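Chemist: Structure incoming, see below.
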Amino acid sequence: MQLTLAGLHKNSVVDGPGLRTVVFTQGCPHACPGCHNLQTHDPKEGTVVEVRDVARQILADTNVKGVTFSGGEPFLQARALTALATSLLVRPLSIVIYSGYTYEYLTKHARTDSAIAALLTTADILIDGPFVEAQRDLALLYRGSRNQRIIDVPTSLQAGEIVLSELHYRGMGQAYA
């Protein structure tokens, strides 16, 4: 199975908790004003790679504690990213997904799109919503704008409602649980 990447970044500490590898997907329909990943928008750009090769690269780094799917828009390549996440299960790596779509949009579309449903279930954390330049806040942990949420996906799916991750409260002037 193939995946179109904008890039692969190792040793990130800003795209989720712990030392992470970030998979930047190519292609994004959101075109958020002020986006800092403009080079990921055109779906005709990027590099086509085999999922198994990306998995090997990630698994070769024994220091990495998690993987982040960012973009572009990861849910445009849901099947390939689900295959990647599944192949990483040999190690206890956390999965964080950034999406310009909201959790509500994704769960609604997951009812009729099995690829979205499958990718959503691989996530430990979803950072959802478009970047909104007017709500930009550099003090927020793992987010660029105040409208974006850090969602505990397994707990939310089980509860049938959004449950914010304890990470959501860091950098918001509130106590960290």
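Residue names in the structure tokens use chain letters A, B, ... in the order shown, residue numbers from 1 in each chain, and ligand numbers from 1 in the order shown.
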Quick one: contact table of region 18-45 of chain A to region 140-152 of chain A, 12 Å max, nearest atom pair and distance in Å to one decimal per residue, counting only C-alpha atoms, chain and number order, as CSV?
Modeler:
```
residue,atom,partner,partner_atom,distance
A:Gly18,CA,A:Tyr142,CA,11.6
A:Cys32,CA,A:Ser145,CA,11.4
A:Pro33,CA,A:Ser145,CA,11.8
A:Gly34,CA,A:Gly144,CA,10.1
A:Cys35,CA,A:Gly144,CA,9.3
A:His36,CA,A:Gly144,CA,9.7
A:Asn37,CA,A:Gly144,CA,12.0
```
Chemist: Put those residues in a file: N, CA, C and O atoms, as a compact mmCIF listing (two decimals), in the first residue's frame.
Modeler:
```txt
# COMPACT_ATOMS: atom_id res chain seq x y z
N GLY A 18 6.02 13.31 24.35
CA GLY A 18 7.18 12.45 24.22
C GLY A 18 7.93 12.65 22.91
O GLY A 18 7.54 13.46 22.06
N CYS A 32 -6.32 26.75 5.29
CA CYS A 32 -6.49 27.66 6.42
C CYS A 32 -5.57 28.88 6.25
O CYS A 32 -4.36 28.71 6.08
N PRO A 33 -6.11 30.09 6.30
CA PRO A 33 -5.26 31.28 6.26
C PRO A 33 -4.26 31.24 7.42
O PRO A 33 -4.63 30.94 8.55
N GLY A 34 -2.99 31.46 7.10
CA GLY A 34 -1.94 31.44 8.11
C GLY A 34 -1.33 30.07 8.35
O GLY A 34 -0.47 29.91 9.21
N CYS A 35 -1.75 29.07 7.59
CA CYS A 35 -1.20 27.71 7.75
C CYS A 35 0.31 27.75 7.60
O CYS A 35 0.85 28.39 6.70
N HIS A 36 1.01 27.03 8.48
CA HIS A 36 2.47 26.98 8.37
C HIS A 36 2.96 25.78 7.57
O HIS A 36 4.16 25.57 7.44
N ASN A 37 2.05 25.01 7.00
CA ASN A 37 2.42 23.86 6.17
C ASN A 37 1.86 24.00 4.76
O ASN A 37 1.33 23.05 4.20
```
Chemist: Mind checking DSSP for region 57-113 of chain A and telling me the strand (DSSP E) residues as a short mmCIF file (atom, residue, chain, number, x, y, z; two decimals) with all heavy atoms, in the first residue's frame?
Modeler:
```cif
data_model
loop_
_atom_site.label_atom_id
_atom_site.label_comp_id
_atom_site.auth_asym_id
_atom_site.auth_seq_id
_atom_site.Cartn_x
_atom_site.Cartn_y
_atom_site.Cartn_z
N GLY A 66 6.24 7.75 20.18
CA GLY A 66 4.97 7.92 19.52
C GLY A 66 5.14 8.40 18.09
O GLY A 66 6.22 8.79 17.66
N VAL A 67 4.02 8.36 17.37
CA VAL A 67 3.98 8.79 15.98
C VAL A 67 2.83 9.77 15.84
O VAL A 67 1.75 9.57 16.40
CB VAL A 67 3.78 7.58 15.03
CG1 VAL A 67 3.66 8.03 13.59
CG2 VAL A 67 4.93 6.60 15.20
N THR A 68 3.08 10.83 15.09
CA THR A 68 2.06 11.83 14.82
C THR A 68 1.78 11.86 13.33
O THR A 68 2.71 11.92 12.52
CB THR A 68 2.52 13.22 15.30
OG1 THR A 68 2.71 13.17 16.72
CG2 THR A 68 1.51 14.29 14.96
N PHE A 69 0.50 11.80 12.97
CA PHE A 69 0.08 11.97 11.59
C PHE A 69 -0.41 13.41 11.46
O PHE A 69 -1.36 13.82 12.13
CB PHE A 69 -1.04 11.01 11.22
CG PHE A 69 -0.69 9.54 11.33
CD1 PHE A 69 -1.67 8.60 11.57
CD2 PHE A 69 0.62 9.10 11.18
CE1 PHE A 69 -1.37 7.25 11.66
CE2 PHE A 69 0.94 7.74 11.27
CZ PHE A 69 -0.06 6.82 11.51
N SER A 70 0.26 14.16 10.60
CA SER A 70 -0.07 15.56 10.41
C SER A 70 -0.20 15.81 8.92
O SER A 70 -0.27 14.87 8.13
CB SER A 70 1.02 16.44 11.05
OG SER A 70 0.63 17.78 11.10
N SER A 94 2.31 5.62 20.91
CA SER A 94 1.06 6.38 20.89
C SER A 94 0.87 7.01 19.52
O SER A 94 1.84 7.34 18.84
CB SER A 94 1.07 7.45 21.97
OG SER A 94 1.99 8.48 21.65
N ILE A 95 -0.37 7.17 19.13
CA ILE A 95 -0.70 7.77 17.84
C ILE A 95 -1.47 9.07 18.09
O ILE A 95 -2.51 9.06 18.75
CB ILE A 95 -1.57 6.83 16.96
CG1 ILE A 95 -0.89 5.48 16.74
CG2 ILE A 95 -1.94 7.51 15.65
CD1 ILE A 95 0.30 5.51 15.81
N VAL A 96 -0.94 10.15 17.55
CA VAL A 96 -1.60 11.46 17.58
C VAL A 96 -1.93 11.81 16.13
O VAL A 96 -1.10 11.63 15.25
CB VAL A 96 -0.70 12.55 18.19
CG1 VAL A 96 -1.31 13.93 18.02
CG2 VAL A 96 -0.42 12.27 19.66
N ILE A 97 -3.15 12.30 15.91
CA ILE A 97 -3.54 12.73 14.57
C ILE A 97 -4.00 14.18 14.64
O ILE A 97 -4.85 14.53 15.46
CB ILE A 97 -4.67 11.86 13.99
CG1 ILE A 97 -4.27 10.39 13.95
CG2 ILE A 97 -5.05 12.36 12.58
CD1 ILE A 97 -5.39 9.45 13.50
N TYR A 98 -3.42 15.00 13.78
CA TYR A 98 -3.88 16.37 13.59
C TYR A 98 -4.84 16.37 12.40
O TYR A 98 -4.53 15.79 11.36
CB TYR A 98 -2.72 17.31 13.24
CG TYR A 98 -1.90 17.74 14.41
CD1 TYR A 98 -0.87 16.94 14.90
CD2 TYR A 98 -2.12 18.97 15.03
CE1 TYR A 98 -0.09 17.35 15.98
CE2 TYR A 98 -1.35 19.39 16.10
CZ TYR A 98 -0.34 18.57 16.58
OH TYR A 98 0.42 18.97 17.64
#
```
Chemist: Nearest to Arg91 (chain A): which of A:Val132, A:Ala60, A:Leu5, A:Leu120 is it, counting only C-alpha atoms?
Modeler: A:Ala60
Chemist: Interatomic distance between CA of Asp53 (chain A) and CA of Leu84 (chain A)?
Modeler: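 Spanning CA of Asp53 (chain A) to CA of Leu84 (chain A) is a straight-line distance of 9.5 Å.
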Chemist: Contacts between region 153-166 of chain A and region 59-142 of chain A, please, where a residue of region 59-142 of chain A counts if it comes within 8 Å (with only C-alpha atoms); show its shortest atom pair and distance in Å to one decimal, rows by chain and ascending number, as CSV.
Modeler:
```
residue,atom,partner,partner_atom,distance
A:Tyr103,CA,A:Ile162,CA,7.9
A:Leu120,CA,A:Val153,CA,7.5
A:Thr121,CA,A:Pro154,CA,7.1
A:Ala123,CA,A:Val153,CA,6.2
A:Asp124,CA,A:Val153,CA,5.5
A:Ile125,CA,A:Val153,CA,5.5
A:Leu126,CA,A:Val153,CA,6.3
```
